[in-house]
Amino acid sequence: MQIKYSKKKLAYTGKELRSLFLFHRFALQGNALVAFPGPCKVSLKDMVDQADVKAKAPIFSRSMLHFLGEFFDLDLEKTILRQRLLMACMLDSLKEKAPEVQWVRLGDDLFVGNKKASVSIATLSPVSTLIHAGINIVTTGTPVPTFGLNEAKIDPEELAKDVLRRFKHEIDEIGLARCKVRSVP
C-alpha cells in the first residue's frame with residue numbers, strides 16, 4: 001500500500017476519479033492513497049453518486065483536504081469497506097486532534113451536529129476500484145450547512161499525514177492477518 005501527501009493544491013472536479021490518475025499525476029503504480037488540499041467543484045455531469053444527481057446536489061467547497069485512492073481489484077464491495085475504513089481512520093484522527101468537537105460518522109460521511117464535514121464515494125473502473133473522500137477546510141459558500149477543519153483548529157497537512165499513516169497501517173495489517181492462519185476443515 002503506497003501513500004503520499006502532496007502540498008500542491010489540486011482542484012477536485014470528479015474527473016480525477018478515474019483509473020491510473022494516481023500513476024499519471026503522482027507516479028504511484030499499484031494500490032495507493034494520496035492526500036492533497038484544494039477546492040472542490042463537482043458538477044452533476046461529473047458526479048458518480050447517482051443519488052446526489054437525482055437530488056440535484058452538486059458538491060462545492062472553496063477548500064477541502066482530498067483523499068484519492070485506487071486499488072487494483074474489481075471488487076466494489078471490498079472497496080466500499082476500504083472507504084468506510086478510511087472514514088473511520090479519519091474520525092479517529094479528528095477525535096484525537098479536536099476532542100472537544102462532537103464528530104460523528106454516519107456511513108461514509110462525517111458530521112458535527114447537523115453540519116456535514118465530509119464527502120465520500122467509491123466506484124469501479126475497468127481496471128480498478130476508486131475512492132474519493134474530502135473534508136472541508138473552510139465552509140464559506142458551501143451549498144449545505146458544513147463544518148470545517150479551520151473551525152476545529154486542525155492543520156490539514158497534519159491530519160492528512162496521520163490519516164494516511166493510519167489507513168496504510170490498517171491495510172498492511174489486514175494483509176498480514178490473511179497470511180497467519182491455516183485453513184479449517
# chains A, B, ... in the order shown; residues from 1 in each chain; ligands from 1
>>> residues_around(residues="Arg105 of chain A", least_positions_apart="4", cutoff="8 Å", atoms="only C-alpha atoms", output="VMD selection string")
chain A and resid 87 to 88 91 109 to 111
>>> write_last_selection(atoms="C-alpha atoms", output="short mmCIF file (atom, residue, chain, number, x, y, z; two decimals), in the first residue's frame")
data_model
loop_
_atom_site.label_atom_id
_atom_site.label_comp_id
_atom_site.auth_asym_id
_atom_site.auth_seq_id
_atom_site.Cartn_x
_atom_site.Cartn_y
_atom_site.Cartn_z
CA MET A 87 -13.53 7.36 7.11
CA ALA A 88 -13.12 5.52 10.44
CA LEU A 91 -12.74 10.02 12.52
CA ASP A 109 -19.79 10.73 5.90
CA LEU A 110 -18.62 12.74 8.90
CA PHE A 111 -20.80 15.27 10.70
#
>>> closest_atom_pairs(of="segment 85-151 of chain A", to="segment 27-40 of chain A", cutoff="12 Å", atoms="only C-alpha atoms", output="CSV")
residue,atom,partner,partner_atom,distance
A:Leu86,CA,A:Leu33,CA,9.9
A:Met90,CA,A:Ala35,CA,11.9
A:Ser118,CA,A:Cys40,CA,11.4
A:Val119,CA,A:Cys40,CA,10.2
A:Val127,CA,A:Gly30,CA,11.1
A:Ser128,CA,A:Asn31,CA,9.1
A:Thr129,CA,A:Asn31,CA,9.6
A:Leu130,CA,A:Leu33,CA,9.6
A:Ile131,CA,A:Leu33,CA,8.7
A:His132,CA,A:Leu33,CA,9.5
A:Ala133,CA,A:Ala35,CA,9.3
A:Gly134,CA,A:Cys40,CA,8.5
A:Ile135,CA,A:Pro37,CA,9.6
A:Asn136,CA,A:Pro39,CA,9.2
A:Ile137,CA,A:Pro37,CA,8.6
A:Val138,CA,A:Pro39,CA,9.7
A:Thr139,CA,A:Pro39,CA,11.0
A:Thr140,CA,A:Pro39,CA,11.6
A:Gly141,CA,A:Cys40,CA,11.5
A:Thr142,CA,A:Cys40,CA,10.0
A:Pro143,CA,A:Cys40,CA,11.9
A:Leu149,CA,A:Pro37,CA,11.8
>>> atom_distance(atom1="atom CA of Ile154 of chain A", atom2="atom CA of Leu94 of chain A")
8.1 Å
>>> closest_residue(among="A:Lys56, A:Leu124, A:Lys116, A:Ser61", to="Ile80 of chain A", atoms="only C-alpha atoms")
A:Leu124
>>> closest_residue(among="A:Glu16, A:Glu100, A:Asp75, A:Asp46", to="Glu151 of chain A", atoms="only C-alpha atoms")
A:Glu100
>>> atom_distance(atom1="atom CA of Val144 of chain A", atom2="atom CA of Ala11 of chain A")
19.6 Å
>>> closest_atom_pairs(of="segment 42-130 of chain A", to="segment 157-176 of chain A", cutoff="12 Å", atoms="only C-alpha atoms", output="tab-separated table")
residue	atom	partner	partner_atom	distance
A:Met64	CA	A:Ala160	CA	11.1
A:Leu65	CA	A:Ala160	CA	7.4
A:His66	CA	A:Ala160	CA	8.5
A:Phe67	CA	A:Ala160	CA	8.2
A:Leu68	CA	A:Leu164	CA	10.7
A:Gly69	CA	A:Leu164	CA	10.5
A:Phe71	CA	A:Ile171	CA	11.3
A:Lys78	CA	A:Ile171	CA	11.8
A:Thr79	CA	A:Ile171	CA	11.5
A:Leu81	CA	A:Ile171	CA	11.2
A:Arg82	CA	A:Ile171	CA	8.4
A:Gln83	CA	A:Phe167	CA	10.0
A:Arg84	CA	A:Phe167	CA	10.7
A:Leu85	CA	A:Phe167	CA	7.4
A:Leu86	CA	A:Phe167	CA	6.0
A:Met87	CA	A:Val163	CA	9.0
A:Ala88	CA	A:Phe167	CA	9.1
A:Cys89	CA	A:Val163	CA	5.9
A:Met90	CA	A:Val163	CA	5.5
A:Leu91	CA	A:Val163	CA	8.9
A:Asp92	CA	A:Val163	CA	8.6
A:Ser93	CA	A:Val163	CA	6.5
A:Leu94	CA	A:Leu159	CA	7.5
A:Lys95	CA	A:Leu159	CA	10.9
A:Glu96	CA	A:Leu159	CA	10.1
A:Lys97	CA	A:Leu159	CA	8.2
A:Ala98	CA	A:Leu159	CA	10.8
>>> select_by_dssp(residues="segment 24-123 of chain A", states="strand (DSSP E or B)", output="PyMOL selection string")
chain A and resi 32-42+59-71+103-106+109-112+115-116+118-123
>>> write_last_selection(atoms="C-alpha atoms", output="PDB file, in the first residue's frame")
ATOM      1  CA  ALA A  32      -2.254   3.817  -3.434  1.00  0.00           C
ATOM      2  CA  LEU A  33      -3.874   6.600  -1.429  1.00  0.00           C
ATOM      3  CA  VAL A  34      -2.917  10.246  -1.940  1.00  0.00           C
ATOM      4  CA  ALA A  35      -3.986  13.304   0.051  1.00  0.00           C
ATOM      5  CA  PHE A  36      -3.858  16.902  -1.174  1.00  0.00           C
ATOM      6  CA  PRO A  37      -5.524  20.252  -0.457  1.00  0.00           C
ATOM      7  CA  GLY A  38      -7.625  22.112  -2.978  1.00  0.00           C
ATOM      8  CA  PRO A  39     -11.035  23.396  -3.968  1.00  0.00           C
ATOM      9  CA  CYS A  40     -13.861  21.038  -4.857  1.00  0.00           C
ATOM     10  CA  LYS A  41     -16.470  21.631  -7.517  1.00  0.00           C
ATOM     11  CA  VAL A  42     -18.218  18.560  -8.885  1.00  0.00           C
ATOM     12  CA  ILE A  59     -20.614  19.385  -4.461  1.00  0.00           C
ATOM     13  CA  PHE A  60     -18.742  22.625  -3.787  1.00  0.00           C
ATOM     14  CA  SER A  61     -16.123  23.756  -1.303  1.00  0.00           C
ATOM     15  CA  ARG A  62     -13.573  26.562  -1.627  1.00  0.00           C
ATOM     16  CA  SER A  63     -11.052  24.426   0.244  1.00  0.00           C
ATOM     17  CA  MET A  64     -11.006  20.738   1.111  1.00  0.00           C
ATOM     18  CA  LEU A  65      -8.489  18.131   2.107  1.00  0.00           C
ATOM     19  CA  HIS A  66      -8.904  15.394  -0.509  1.00  0.00           C
ATOM     20  CA  PHE A  67      -8.054  11.698  -0.331  1.00  0.00           C
ATOM     21  CA  LEU A  68      -7.950   9.827  -3.618  1.00  0.00           C
ATOM     22  CA  GLY A  69      -7.340   6.077  -3.683  1.00  0.00           C
ATOM     23  CA  GLU A  70      -7.004   3.394  -6.322  1.00  0.00           C
ATOM     24  CA  PHE A  71      -6.997  -0.372  -5.745  1.00  0.00           C
ATOM     25  CA  TRP A 103     -17.515  14.276  15.481  1.00  0.00           C
ATOM     26  CA  VAL A 104     -19.901  11.574  14.236  1.00  0.00           C
ATOM     27  CA  ARG A 105     -19.564   9.117  11.352  1.00  0.00           C
ATOM     28  CA  LEU A 106     -22.768   8.100   9.630  1.00  0.00           C
ATOM     29  CA  ASP A 109     -19.788  10.730   5.897  1.00  0.00           C
ATOM     30  CA  LEU A 110     -18.620  12.738   8.896  1.00  0.00           C
ATOM     31  CA  PHE A 111     -20.802  15.274  10.699  1.00  0.00           C
ATOM     32  CA  VAL A 112     -20.650  17.756  13.545  1.00  0.00           C
ATOM     33  CA  LYS A 115     -23.339  20.105   9.681  1.00  0.00           C
ATOM     34  CA  LYS A 116     -21.687  17.911   7.070  1.00  0.00           C
ATOM     35  CA  SER A 118     -17.053  15.411   4.510  1.00  0.00           C
ATOM     36  CA  VAL A 119     -17.974  13.859   1.193  1.00  0.00           C
ATOM     37  CA  SER A 120     -17.036  10.358   0.102  1.00  0.00           C
ATOM     38  CA  ILE A 121     -17.648   7.930  -2.750  1.00  0.00           C
ATOM     39  CA  ALA A 122     -16.317   4.602  -4.017  1.00  0.00           C
ATOM     40  CA  THR A 123     -16.677   3.364  -7.583  1.00  0.00           C
TER      41      THR A 123
END
>>> atom_distance(atom1="atom CA of Gly113 of chain A", atom2="atom CA of Lys54 of chain A")
25.0 Å
>>> select_by_dssp(residues="segment 69-120 of chain A", states="helix (DSSP H, G or I)", output="compact mmCIF listing (two decimals) with C-alpha atoms, in the first residue's frame")
# COMPACT_ATOMS: atom_id res chain seq x y z
CA LEU A 76 -16.56 -2.77 -5.41
CA GLU A 77 -17.96 -4.11 -2.14
CA LYS A 78 -14.40 -4.58 -0.83
CA THR A 79 -13.57 -1.01 -1.84
CA ILE A 80 -16.67 0.33 -0.11
CA LEU A 81 -15.37 -1.43 3.01
CA ARG A 82 -11.99 0.28 2.42
CA GLN A 83 -13.86 3.58 2.06
CA ARG A 84 -15.58 3.04 5.42
CA LEU A 85 -12.21 2.11 6.95
CA LEU A 86 -10.72 5.33 5.57
CA MET A 87 -13.53 7.36 7.11
CA ALA A 88 -13.12 5.52 10.44
CA CYS A 89 -9.37 6.33 10.37
CA MET A 90 -10.24 9.96 9.65
CA LEU A 91 -12.74 10.02 12.52
CA ASP A 92 -10.20 8.56 14.97
CA SER A 93 -7.64 11.17 13.96
CA LEU A 94 -10.13 14.05 14.19
CA LYS A 95 -11.26 12.93 17.64
CA GLU A 96 -7.65 12.92 18.85
CA LYS A 97 -6.84 16.31 17.32
>>> closest_residue(among="A:Ser125, A:Tyr12, A:Thr146, A:Gln2", to="Leu74 of chain A", atoms="only C-alpha atoms")
A:Ser125
>>> decode(residues="segment 76-94 of chain A", atoms="N, CA and C atoms", output="short mmCIF file (atom, residue, chain, number, x, y, z; two decimals), in the first residue's frame")
data_model
loop_
_atom_site.label_atom_id
_atom_site.label_comp_id
_atom_site.auth_asym_id
_atom_site.auth_seq_id
_atom_site.Cartn_x
_atom_site.Cartn_y
_atom_site.Cartn_z
N LEU A 76 -16.04 -4.05 -5.90
CA LEU A 76 -16.56 -2.77 -5.41
C LEU A 76 -16.97 -2.86 -3.95
N GLU A 77 -17.55 -3.98 -3.55
CA GLU A 77 -17.96 -4.11 -2.14
C GLU A 77 -16.73 -4.01 -1.22
N LYS A 78 -15.64 -4.65 -1.60
CA LYS A 78 -14.40 -4.58 -0.83
C LYS A 78 -13.90 -3.13 -0.75
N THR A 79 -14.03 -2.41 -1.84
CA THR A 79 -13.57 -1.01 -1.84
C THR A 79 -14.50 -0.12 -1.03
N ILE A 80 -15.77 -0.42 -0.99
CA ILE A 80 -16.67 0.33 -0.11
C ILE A 80 -16.28 0.08 1.34
N LEU A 81 -15.87 -1.14 1.66
CA LEU A 81 -15.37 -1.43 3.01
C LEU A 81 -14.09 -0.64 3.27
N ARG A 82 -13.20 -0.55 2.28
CA ARG A 82 -11.99 0.28 2.42
C ARG A 82 -12.37 1.75 2.64
N GLN A 83 -13.38 2.20 1.92
CA GLN A 83 -13.86 3.58 2.06
C GLN A 83 -14.34 3.83 3.50
N ARG A 84 -15.10 2.90 4.04
CA ARG A 84 -15.58 3.04 5.42
C ARG A 84 -14.41 3.01 6.40
N LEU A 85 -13.40 2.16 6.11
CA LEU A 85 -12.21 2.11 6.95
C LEU A 85 -11.47 3.44 6.90
N LEU A 86 -11.36 4.02 5.71
CA LEU A 86 -10.72 5.33 5.57
C LEU A 86 -11.45 6.38 6.41
N MET A 87 -12.76 6.38 6.35
CA MET A 87 -13.53 7.36 7.11
C MET A 87 -13.41 7.11 8.62
N ALA A 88 -13.32 5.85 9.02
CA ALA A 88 -13.12 5.52 10.44
C ALA A 88 -11.74 6.00 10.89
N CYS A 89 -10.71 5.82 10.05
CA CYS A 89 -9.37 6.33 10.37
C CYS A 89 -9.40 7.84 10.51
N MET A 90 -10.12 8.51 9.60
CA MET A 90 -10.24 9.96 9.65
C MET A 90 -10.94 10.39 10.94
N LEU A 91 -12.01 9.70 11.29
CA LEU A 91 -12.74 10.02 12.52
C LEU A 91 -11.85 9.87 13.75
N ASP A 92 -11.10 8.77 13.82
CA ASP A 92 -10.20 8.56 14.97
C ASP A 92 -9.19 9.69 15.08
N SER A 93 -8.63 10.10 13.95
CA SER A 93 -7.64 11.17 13.96
C SER A 93 -8.27 12.50 14.38
N LEU A 94 -9.43 12.80 13.84
CA LEU A 94 -10.13 14.05 14.19
C LEU A 94 -10.46 14.10 15.68
#
